[in-house]
Amino acid sequence: MIQNRDIIIVGIQAWDIEIGSNCKNIAQEFAKHNRVLYVNPPLNWVTRLKQKHKESVQKRIQIAKGKREDIEIIEDNLWNLFPKTTIDSINWIKSHSLFKLMNKRNSRKFAMDIKSAADRLGFKDYILFNDSSMFLGLHLKEYLKPEVYTYYVRDNLVKDPYWKKHGARMEPEVIKEADVVVNNSEYYVDYSSKFNSNSFMVGQGCDVSMFNDEKGDIKEAVELKEIPKPIIGYVGTLTTLRLDVDLLEFIAKQREDWNIVLVGPEDETFKKSNLHNLSNVHFLGNKPMDSLPTYIKGFDVTMNPQVLNEITIGNYPRKIDEYLAMGKPIVATYTKAMEMFNDYVYLGKTKEDYIDLISQALEEDSNQVVKERIEYANSHTWPNSVKDIYKAMKSVVTIEEEIKG
């Protein structure tokens with residue numbers, strides 16, 4: 001454990017985003033034993049002008065004008081910084097050399113806001129933790145001079161259209177600059193190790209308390225009562241960027257006696273897909289987060305029919321832990337990141353594999369296997385993941401803990 005230290009966190013997600021965030025979970029875990037400053041990404045001019053009527057943007061404009069405080073207390077030992085500076089929008093620039101020049105200017109402004117806040121909070125000899133901010137993060141070690149600079153890789157962002165143009169060349173530079181690189185899948189460890197030998201697997205935390213059904217308190221969703229068994233289910237956003245529509249259609253057509261239930265909002269391709277014409281495929285729509293366990297409860301087999309592409313190939317799908325936490329059998333697409341689940345999840349490489357493995361999953365389920373799945377899911381906690389982050393940092397840099405009091 002690292003304790004009684006000052007830690008600054010920068011990343012690509014603001015604290016007030018509406019979705020869950022690895023980095024926010026890590027920040028809260030850090031704050032149990034350290035003082036933590038969570039820094040929101042700075043506002044850029046395009047967002048400031050085009051989205052000025054949004055409440056979140058209005059708040060940042062007020063802060064930029066000095067009409068509101070830029071530091072807010074989230075909880076004990078945890079503060080949130082809204083940078084005052086509005087940075088230039090530069091991702092449209094085609095010239096990489098010009099982009100880098102303008103990016104360094106943005107980074108310097110960003111760093112000045114961070115340093116001002118750190119000074120006001122009395123932060124000293126701090127650890128800098130960067131959650132995938134490959135552009136603004138490139139020069140922060142130079143400008144902030146942290147005692148330890150840690151870079152966190154949890155997504156294949158360099159394949160995302162926004163980051164791809166310049167990120168493919170810049171993220172390796174950030175990785176080289178870092179004292180230590182922590183990753184949430186072995187796929188990303190392989191990637192990071194090409195540029196920095198101090199690259200470590202730290203796993204993934206997941207709060208599965210909502211999916212705890214060991215006492216049998218969770219009731220099956222009423223909608224599922226009308227659907228004949230067996231039900232093969234998926235819960236999550238239905239997007240063709242991550243899910244294989246053709247695979248789902250293949251399963252439905254091959255086994256008309258199985259009912260496929262899909263819970264979640266659809267993208268346009270899903271809405272127009274032939275799946276809607278199949279009588280054994282059921283779209284139940286978007287549901288409140290706290291109701292999702294009631295749907296998983298009614299699934300006989302859960303699945304993650306992931307399409308393999310540059311974005312998904314290294315991802316750690318948190319829904320796997322949620323399914324496991326409810327003891328459900330899972331059939332998922334094989335990737336290197338999924339190898340760690342090999343003893344608890346049926347991993348398929350082909351469409352035909354899915355048919356065979358779902359059949360196998362239906363036949364082999366038992367109380368003992370259910371117990372093992374739940375225990376494995378419960379081991380993937382944020383305290384365990386952060387413990388491995390601490391271990392990785394201490395393995396490459398001597399971190400002296402401060403004695404307070």
# chains A, B, ... in the order shown; residues from 1 in each chain; ligands from 1
>>> select_by_dssp(residues="segment 162-382 of chain A", states="strand (DSSP E)", output="ChimeraX atom specification")
/A:180-183,199-201,231-235,259-263,281-285,301-304,330-333,346-348
>>> write_last_selection(atoms="N, CA and C atoms", output="mmCIF file, in the first residue's frame")
data_model
loop_
_atom_site.group_PDB
_atom_site.id
_atom_site.type_symbol
_atom_site.label_atom_id
_atom_site.label_comp_id
_atom_site.auth_asym_id
_atom_site.auth_seq_id
_atom_site.Cartn_x
_atom_site.Cartn_y
_atom_site.Cartn_z
ATOM 1 N N VAL A 180 6.317 4.237 -14.913
ATOM 2 C CA VAL A 180 5.688 2.926 -14.878
ATOM 3 C C VAL A 180 4.391 2.993 -15.681
ATOM 4 N N VAL A 181 4.068 1.889 -16.355
ATOM 5 C CA VAL A 181 2.839 1.799 -17.145
ATOM 6 C C VAL A 181 2.008 0.641 -16.583
ATOM 7 N N VAL A 182 0.758 0.922 -16.241
ATOM 8 C CA VAL A 182 -0.121 -0.129 -15.717
ATOM 9 C C VAL A 182 -1.244 -0.368 -16.730
ATOM 10 N N ASN A 183 -1.633 -1.630 -16.868
ATOM 11 C CA ASN A 183 -2.572 -2.042 -17.909
ATOM 12 C C ASN A 183 -3.631 -2.969 -17.332
ATOM 13 N N SER A 199 6.191 -2.203 -17.638
ATOM 14 C CA SER A 199 4.767 -2.314 -17.943
ATOM 15 C C SER A 199 4.181 -3.504 -17.196
ATOM 16 N N PHE A 200 3.057 -3.278 -16.510
ATOM 17 C CA PHE A 200 2.512 -4.299 -15.623
ATOM 18 C C PHE A 200 1.009 -4.480 -15.830
ATOM 19 N N MET A 201 0.571 -5.705 -15.607
ATOM 20 C CA MET A 201 -0.844 -6.037 -15.590
ATOM 21 C C MET A 201 -1.383 -5.790 -14.182
ATOM 22 N N ILE A 231 -33.245 -19.257 -22.391
ATOM 23 C CA ILE A 231 -32.993 -17.875 -22.802
ATOM 24 C C ILE A 231 -31.485 -17.630 -22.818
ATOM 25 N N ILE A 232 -31.009 -17.178 -23.963
ATOM 26 C CA ILE A 232 -29.594 -16.807 -24.124
ATOM 27 C C ILE A 232 -29.564 -15.287 -24.154
ATOM 28 N N GLY A 233 -28.942 -14.665 -23.164
ATOM 29 C CA GLY A 233 -29.112 -13.221 -23.010
ATOM 30 C C GLY A 233 -27.852 -12.384 -23.048
ATOM 31 N N TYR A 234 -28.066 -11.116 -23.385
ATOM 32 C CA TYR A 234 -26.999 -10.110 -23.375
ATOM 33 C C TYR A 234 -27.583 -8.827 -22.786
ATOM 34 N N VAL A 235 -26.805 -8.170 -21.921
ATOM 35 C CA VAL A 235 -27.188 -6.886 -21.339
ATOM 36 C C VAL A 235 -26.098 -5.872 -21.650
ATOM 37 N N ASN A 259 -34.185 -18.894 -27.314
ATOM 38 C CA ASN A 259 -34.645 -17.512 -27.408
ATOM 39 C C ASN A 259 -33.528 -16.565 -26.997
ATOM 40 N N ILE A 260 -33.201 -15.656 -27.892
ATOM 41 C CA ILE A 260 -32.144 -14.676 -27.639
ATOM 42 C C ILE A 260 -32.785 -13.385 -27.150
ATOM 43 N N VAL A 261 -32.363 -12.943 -25.970
ATOM 44 C CA VAL A 261 -32.901 -11.721 -25.371
ATOM 45 C C VAL A 261 -31.794 -10.678 -25.281
ATOM 46 N N LEU A 262 -32.056 -9.499 -25.840
ATOM 47 C CA LEU A 262 -31.077 -8.416 -25.873
ATOM 48 C C LEU A 262 -31.635 -7.222 -25.107
ATOM 49 N N VAL A 263 -30.948 -6.827 -24.063
ATOM 50 C CA VAL A 263 -31.402 -5.729 -23.201
ATOM 51 C C VAL A 263 -30.435 -4.563 -23.326
ATOM 52 N N VAL A 281 -35.790 -13.779 -31.428
ATOM 53 C CA VAL A 281 -34.909 -12.706 -30.945
ATOM 54 C C VAL A 281 -35.792 -11.616 -30.349
ATOM 55 N N HIS A 282 -35.505 -11.247 -29.113
ATOM 56 C CA HIS A 282 -36.354 -10.314 -28.375
ATOM 57 C C HIS A 282 -35.542 -9.097 -27.926
ATOM 58 N N PHE A 283 -35.925 -7.934 -28.412
ATOM 59 C CA PHE A 283 -35.294 -6.681 -28.000
ATOM 60 C C PHE A 283 -36.147 -6.059 -26.898
ATOM 61 N N LEU A 284 -35.596 -5.911 -25.730
ATOM 62 C CA LEU A 284 -36.363 -5.388 -24.600
ATOM 63 C C LEU A 284 -36.094 -3.910 -24.319
ATOM 64 N N GLY A 285 -35.152 -3.316 -25.063
ATOM 65 C CA GLY A 285 -34.906 -1.882 -24.923
ATOM 66 C C GLY A 285 -33.987 -1.520 -23.772
ATOM 67 N N VAL A 301 -28.219 -18.788 -20.145
ATOM 68 C CA VAL A 301 -26.817 -18.586 -20.528
ATOM 69 C C VAL A 301 -26.659 -17.116 -20.893
ATOM 70 N N THR A 302 -25.587 -16.498 -20.422
ATOM 71 C CA THR A 302 -25.283 -15.123 -20.819
ATOM 72 C C THR A 302 -24.207 -15.166 -21.886
ATOM 73 N N MET A 303 -24.075 -14.083 -22.637
ATOM 74 C CA MET A 303 -23.065 -14.085 -23.701
ATOM 75 C C MET A 303 -22.491 -12.701 -23.931
ATOM 76 N N ASN A 304 -21.344 -12.692 -24.554
ATOM 77 C CA ASN A 304 -20.716 -11.454 -25.009
ATOM 78 C C ASN A 304 -20.260 -11.689 -26.454
ATOM 79 N N ILE A 330 -21.358 -18.367 -19.101
ATOM 80 C CA ILE A 330 -21.081 -17.322 -20.096
ATOM 81 C C ILE A 330 -20.396 -17.938 -21.304
ATOM 82 N N VAL A 331 -20.860 -17.528 -22.483
ATOM 83 C CA VAL A 331 -20.151 -17.842 -23.722
ATOM 84 C C VAL A 331 -19.709 -16.511 -24.313
ATOM 85 N N ALA A 332 -18.418 -16.390 -24.612
ATOM 86 C CA ALA A 332 -17.871 -15.119 -25.094
ATOM 87 C C ALA A 332 -16.857 -15.369 -26.194
ATOM 88 N N THR A 333 -16.568 -14.329 -26.934
ATOM 89 C CA THR A 333 -15.589 -14.402 -28.011
ATOM 90 C C THR A 333 -14.181 -14.437 -27.437
ATOM 91 N N TYR A 346 -16.822 -19.927 -21.239
ATOM 92 C CA TYR A 346 -16.659 -20.688 -22.482
ATOM 93 C C TYR A 346 -16.260 -19.704 -23.586
ATOM 94 N N LEU A 347 -15.072 -19.911 -24.151
ATOM 95 C CA LEU A 347 -14.547 -18.972 -25.142
ATOM 96 C C LEU A 347 -14.591 -19.575 -26.540
ATOM 97 N N GLY A 348 -15.249 -18.882 -27.454
ATOM 98 C CA GLY A 348 -15.399 -19.367 -28.815
ATOM 99 C C GLY A 348 -14.675 -18.504 -29.828
#
>>> residues_around(residues="Arg373 of chain A", least_positions_apart="3", cutoff="7 Å", atoms="only C-alpha atoms", output="VMD selection string")
chain A and resid 324 to 325 327 344 369 to 370 376 to 377
>>> residues_around(residues="Leu101 of chain A", least_positions_apart="3", cutoff="12 Å", atoms="only C-alpha atoms", output="PyMOL selection string")
chain A and resi 88+90+93+95-98+104-108+135-136+138-139
>>> write_last_selection(atoms="N, CA and C atoms", output="PDB file, in the first residue's frame")
ATOM      1  N   ASP A  88      -6.931  25.402 -26.943  1.00  0.00           N
ATOM      2  CA  ASP A  88      -7.229  25.432 -28.376  1.00  0.00           C
ATOM      3  C   ASP A  88      -7.683  24.063 -28.856  1.00  0.00           C
ATOM      4  N   ILE A  90      -7.398  21.465 -31.515  1.00  0.00           N
ATOM      5  CA  ILE A  90      -6.329  21.288 -32.512  1.00  0.00           C
ATOM      6  C   ILE A  90      -6.369  19.948 -33.239  1.00  0.00           C
ATOM      7  N   ILE A  93      -5.929  19.539 -37.071  1.00  0.00           N
ATOM      8  CA  ILE A  93      -4.661  19.846 -37.745  1.00  0.00           C
ATOM      9  C   ILE A  93      -4.064  18.579 -38.347  1.00  0.00           C
ATOM     10  N   SER A  95      -1.000  18.384 -40.057  1.00  0.00           N
ATOM     11  CA  SER A  95       0.457  18.340 -39.871  1.00  0.00           C
ATOM     12  C   SER A  95       0.789  17.872 -38.452  1.00  0.00           C
ATOM     13  N   HIS A  96       1.503  16.753 -38.342  1.00  0.00           N
ATOM     14  CA  HIS A  96       1.816  16.227 -37.018  1.00  0.00           C
ATOM     15  C   HIS A  96       2.772  17.150 -36.268  1.00  0.00           C
ATOM     16  N   SER A  97       3.721  17.735 -36.966  1.00  0.00           N
ATOM     17  CA  SER A  97       4.680  18.628 -36.299  1.00  0.00           C
ATOM     18  C   SER A  97       3.975  19.871 -35.764  1.00  0.00           C
ATOM     19  N   LEU A  98       3.020  20.424 -36.531  1.00  0.00           N
ATOM     20  CA  LEU A  98       2.270  21.589 -36.054  1.00  0.00           C
ATOM     21  C   LEU A  98       1.369  21.195 -34.895  1.00  0.00           C
ATOM     22  N   LYS A 104       1.802  21.105 -27.200  1.00  0.00           N
ATOM     23  CA  LYS A 104       2.711  21.462 -26.099  1.00  0.00           C
ATOM     24  C   LYS A 104       2.254  22.766 -25.446  1.00  0.00           C
ATOM     25  N   ARG A 105       1.756  23.678 -26.253  1.00  0.00           N
ATOM     26  CA  ARG A 105       1.230  24.942 -25.733  1.00  0.00           C
ATOM     27  C   ARG A 105       0.011  24.680 -24.851  1.00  0.00           C
ATOM     28  N   ASN A 106      -0.895  23.819 -25.331  1.00  0.00           N
ATOM     29  CA  ASN A 106      -2.064  23.462 -24.525  1.00  0.00           C
ATOM     30  C   ASN A 106      -1.661  22.791 -23.227  1.00  0.00           C
ATOM     31  N   SER A 107      -0.698  21.886 -23.322  1.00  0.00           N
ATOM     32  CA  SER A 107      -0.245  21.143 -22.154  1.00  0.00           C
ATOM     33  C   SER A 107       0.357  22.071 -21.102  1.00  0.00           C
ATOM     34  N   ARG A 108       1.084  23.073 -21.552  1.00  0.00           N
ATOM     35  CA  ARG A 108       1.692  24.022 -20.612  1.00  0.00           C
ATOM     36  C   ARG A 108       0.603  24.799 -19.859  1.00  0.00           C
ATOM     37  N   PHE A 135      -2.389  13.129 -25.268  1.00  0.00           N
ATOM     38  CA  PHE A 135      -1.998  14.411 -25.850  1.00  0.00           C
ATOM     39  C   PHE A 135      -1.516  15.368 -24.768  1.00  0.00           C
ATOM     40  N   LEU A 136      -2.415  15.800 -23.903  1.00  0.00           N
ATOM     41  CA  LEU A 136      -2.037  16.737 -22.842  1.00  0.00           C
ATOM     42  C   LEU A 136      -1.048  16.110 -21.870  1.00  0.00           C
ATOM     43  N   LEU A 138       1.516  14.290 -22.527  1.00  0.00           N
ATOM     44  CA  LEU A 138       2.874  14.087 -23.051  1.00  0.00           C
ATOM     45  C   LEU A 138       3.913  14.949 -22.342  1.00  0.00           C
ATOM     46  N   HIS A 139       3.525  16.168 -21.948  1.00  0.00           N
ATOM     47  CA  HIS A 139       4.508  17.096 -21.374  1.00  0.00           C
ATOM     48  C   HIS A 139       4.326  17.347 -19.875  1.00  0.00           C
TER      49      HIS A 139
END
>>> closest_atom_pairs(of="segment 333-392 of chain A", to="segment 22-31 of chain A", cutoff="7 Å", atoms="only C-alpha atoms", output="Markdown table")
| residue | atom | partner | partner_atom | distance |
| --- | --- | --- | --- | --- |
| A:Trp382 | CA | A:Ile26 | CA | 6.8 |
| A:Pro383 | CA | A:Glu29 | CA | 6.5 |
| A:Val386 | CA | A:Ile26 | CA | 6.6 |
>>> write_last_selection(atoms="N, CA and C atoms", output="compact mmCIF listing (two decimals), in the first residue's frame")
# COMPACT_ATOMS: atom_id res chain seq x y z
N TRP A 382 -11.84 -3.26 -6.81
CA TRP A 382 -10.96 -2.10 -6.96
C TRP A 382 -9.83 -2.09 -5.92
N PRO A 383 -10.06 -2.50 -4.67
CA PRO A 383 -8.92 -2.59 -3.75
C PRO A 383 -7.82 -3.51 -4.27
N VAL A 386 -6.07 -1.72 -7.31
CA VAL A 386 -5.22 -0.60 -6.85
C VAL A 386 -4.01 -1.12 -6.09
>>> closest_residue(among="A:Lys391, A:Lys50, A:His380, A:Lys84", to="Glu322 of chain A", atoms="only C-alpha atoms")
A:His380
>>> residues_around(residues="Lys141 of chain A", least_positions_apart="6", cutoff="12 Å", atoms="only C-alpha atoms", output="VMD selection string")
chain A and resid 8 10 107 to 108 111 115 126 to 130 147 to 151 173 to 179
>>> select_by_dssp(residues="segment 91-310 of chain A", states="alpha helix (DSSP H)", output="PyMOL selection string")
chain A and resi 96-121+140-144+161-177+186-193+245-254+268-272+292-297
>>> closest_residue(among="A:Asn315, A:Gly205, A:Asn4, A:Trp79", to="Arg120 of chain A", atoms="only C-alpha atoms")
A:Trp79
>>> residues_around(residues="Lys164 of chain A", least_positions_apart="2", cutoff="12 Å", atoms="only C-alpha atoms", output="PyMOL selection string")
chain A and resi 91-92+94+96+134-135+156-162+166-171+310-311
>>> write_last_selection(atoms="N, CA and C atoms", output="mmCIF file, in the first residue's frame")
data_model
loop_
_atom_site.group_PDB
_atom_site.id
_atom_site.type_symbol
_atom_site.label_atom_id
_atom_site.label_comp_id
_atom_site.auth_asym_id
_atom_site.auth_seq_id
_atom_site.Cartn_x
_atom_site.Cartn_y
_atom_site.Cartn_z
ATOM 1 N N ASN A 91 -7.325 19.082 -32.920
ATOM 2 C CA ASN A 91 -7.282 17.747 -33.510
ATOM 3 C C ASN A 91 -7.573 17.740 -35.005
ATOM 4 N N TRP A 92 -8.046 18.847 -35.543
ATOM 5 C CA TRP A 92 -8.295 18.967 -36.981
ATOM 6 C C TRP A 92 -6.997 19.175 -37.767
ATOM 7 N N LYS A 94 -3.752 18.591 -39.627
ATOM 8 C CA LYS A 94 -3.205 17.426 -40.308
ATOM 9 C C LYS A 94 -1.704 17.276 -40.093
ATOM 10 N N HIS A 96 1.503 16.753 -38.342
ATOM 11 C CA HIS A 96 1.816 16.227 -37.018
ATOM 12 C C HIS A 96 2.772 17.150 -36.268
ATOM 13 N N MET A 134 -3.190 10.974 -23.685
ATOM 14 C CA MET A 134 -1.931 10.866 -24.433
ATOM 15 C C MET A 134 -1.480 12.173 -25.060
ATOM 16 N N PHE A 135 -2.389 13.129 -25.268
ATOM 17 C CA PHE A 135 -1.998 14.411 -25.850
ATOM 18 C C PHE A 135 -1.516 15.368 -24.768
ATOM 19 N N ASN A 156 -7.936 0.510 -26.314
ATOM 20 C CA ASN A 156 -7.106 0.649 -27.510
ATOM 21 C C ASN A 156 -7.456 1.964 -28.202
ATOM 22 N N LEU A 157 -7.230 3.063 -27.487
ATOM 23 C CA LEU A 157 -7.676 4.369 -27.958
ATOM 24 C C LEU A 157 -7.013 4.805 -29.256
ATOM 25 N N VAL A 158 -5.802 4.332 -29.514
ATOM 26 C CA VAL A 158 -5.100 4.767 -30.722
ATOM 27 C C VAL A 158 -5.783 4.259 -31.988
ATOM 28 N N LYS A 159 -6.766 3.371 -31.837
ATOM 29 C CA LYS A 159 -7.539 2.910 -32.990
ATOM 30 C C LYS A 159 -8.879 3.643 -33.103
ATOM 31 N N ASP A 160 -9.205 4.444 -32.105
ATOM 32 C CA ASP A 160 -10.421 5.238 -32.143
ATOM 33 C C ASP A 160 -10.222 6.410 -33.109
ATOM 34 N N PRO A 161 -11.232 6.743 -33.917
ATOM 35 C CA PRO A 161 -11.071 7.808 -34.918
ATOM 36 C C PRO A 161 -10.553 9.128 -34.355
ATOM 37 N N TYR A 162 -10.994 9.520 -33.154
ATOM 38 C CA TYR A 162 -10.543 10.800 -32.596
ATOM 39 C C TYR A 162 -9.054 10.781 -32.277
ATOM 40 N N HIS A 166 -3.248 11.323 -34.508
ATOM 41 C CA HIS A 166 -1.969 11.694 -33.891
ATOM 42 C C HIS A 166 -1.573 10.764 -32.744
ATOM 43 N N GLY A 167 -2.545 10.067 -32.186
ATOM 44 C CA GLY A 167 -2.269 9.222 -31.028
ATOM 45 C C GLY A 167 -1.373 8.041 -31.313
ATOM 46 N N ALA A 168 -1.455 7.490 -32.522
ATOM 47 C CA ALA A 168 -0.635 6.326 -32.858
ATOM 48 C C ALA A 168 0.850 6.636 -32.715
ATOM 49 N N ARG A 169 1.216 7.897 -32.924
ATOM 50 C CA ARG A 169 2.622 8.291 -32.755
ATOM 51 C C ARG A 169 2.906 8.892 -31.389
ATOM 52 N N MET A 170 1.881 9.468 -30.763
ATOM 53 C CA MET A 170 2.130 10.179 -29.511
ATOM 54 C C MET A 170 2.006 9.303 -28.275
ATOM 55 N N GLU A 171 1.069 8.331 -28.275
ATOM 56 C CA GLU A 171 0.950 7.501 -27.076
ATOM 57 C C GLU A 171 2.239 6.744 -26.773
ATOM 58 N N GLU A 310 -10.063 -3.519 -34.121
ATOM 59 C CA GLU A 310 -8.936 -2.851 -33.462
ATOM 60 C C GLU A 310 -9.317 -2.256 -32.113
ATOM 61 N N ILE A 311 -10.584 -1.918 -31.950
ATOM 62 C CA ILE A 311 -11.026 -1.297 -30.701
ATOM 63 C C ILE A 311 -11.310 -2.336 -29.622
#
>>> closest_atom_pairs(of="segment 227-326 of chain A", to="segment 352-366 of chain A", cutoff="10 Å", atoms="only C-alpha atoms", output="JSON lines")
{"residue": "A:Pro230", "atom": "CA", "partner": "A:Leu362", "partner_atom": "CA", "distance": 8.3}
{"residue": "A:Ile232", "atom": "CA", "partner": "A:Ile358", "partner_atom": "CA", "distance": 8.2}
{"residue": "A:Leu247", "atom": "CA", "partner": "A:Tyr354", "partner_atom": "CA", "distance": 8.5}
{"residue": "A:Leu248", "atom": "CA", "partner": "A:Tyr354", "partner_atom": "CA", "distance": 9.6}
{"residue": "A:Phe250", "atom": "CA", "partner": "A:Glu352", "partner_atom": "CA", "distance": 8.8}
{"residue": "A:Ile251", "atom": "CA", "partner": "A:Ile355", "partner_atom": "CA", "distance": 6.5}
{"residue": "A:Ala252", "atom": "CA", "partner": "A:Ile355", "partner_atom": "CA", "distance": 9.7}
{"residue": "A:Gln254", "atom": "CA", "partner": "A:Ile355", "partner_atom": "CA", "distance": 7.9}
{"residue": "A:Arg255", "atom": "CA", "partner": "A:Ile355", "partner_atom": "CA", "distance": 8.0}
{"residue": "A:Trp258", "atom": "CA", "partner": "A:Ile358", "partner_atom": "CA", "distance": 9.9}
{"residue": "A:Asp300", "atom": "CA", "partner": "A:Leu362", "partner_atom": "CA", "distance": 7.1}
{"residue": "A:Val301", "atom": "CA", "partner": "A:Leu362", "partner_atom": "CA", "distance": 6.9}
{"residue": "A:Thr302", "atom": "CA", "partner": "A:Ile358", "partner_atom": "CA", "distance": 9.0}
{"residue": "A:Met303", "atom": "CA", "partner": "A:Ile358", "partner_atom": "CA", "distance": 8.8}
{"residue": "A:Pro305", "atom": "CA", "partner": "A:Tyr354", "partner_atom": "CA", "distance": 8.8}
>>> residues_around(residues="Gln306 of chain A", least_positions_apart="5", cutoff="6 Å", atoms="only C-alpha atoms", output="compact mmCIF listing (two decimals) with N, CA and C atoms, in the first residue's frame")
# COMPACT_ATOMS: atom_id res chain seq x y z
N ARG A 242 -19.01 -2.93 -31.39
CA ARG A 242 -18.49 -3.90 -30.44
C ARG A 242 -19.16 -5.28 -30.52
N LEU A 243 -20.33 -5.37 -31.12
CA LEU A 243 -21.06 -6.64 -31.15
C LEU A 243 -21.24 -7.15 -32.57
N ASP A 244 -21.26 -8.48 -32.70
CA ASP A 244 -21.32 -9.15 -34.00
C ASP A 244 -22.77 -9.49 -34.34
N THR A 333 -16.57 -14.33 -26.93
CA THR A 333 -15.59 -14.40 -28.01
C THR A 333 -14.18 -14.44 -27.44
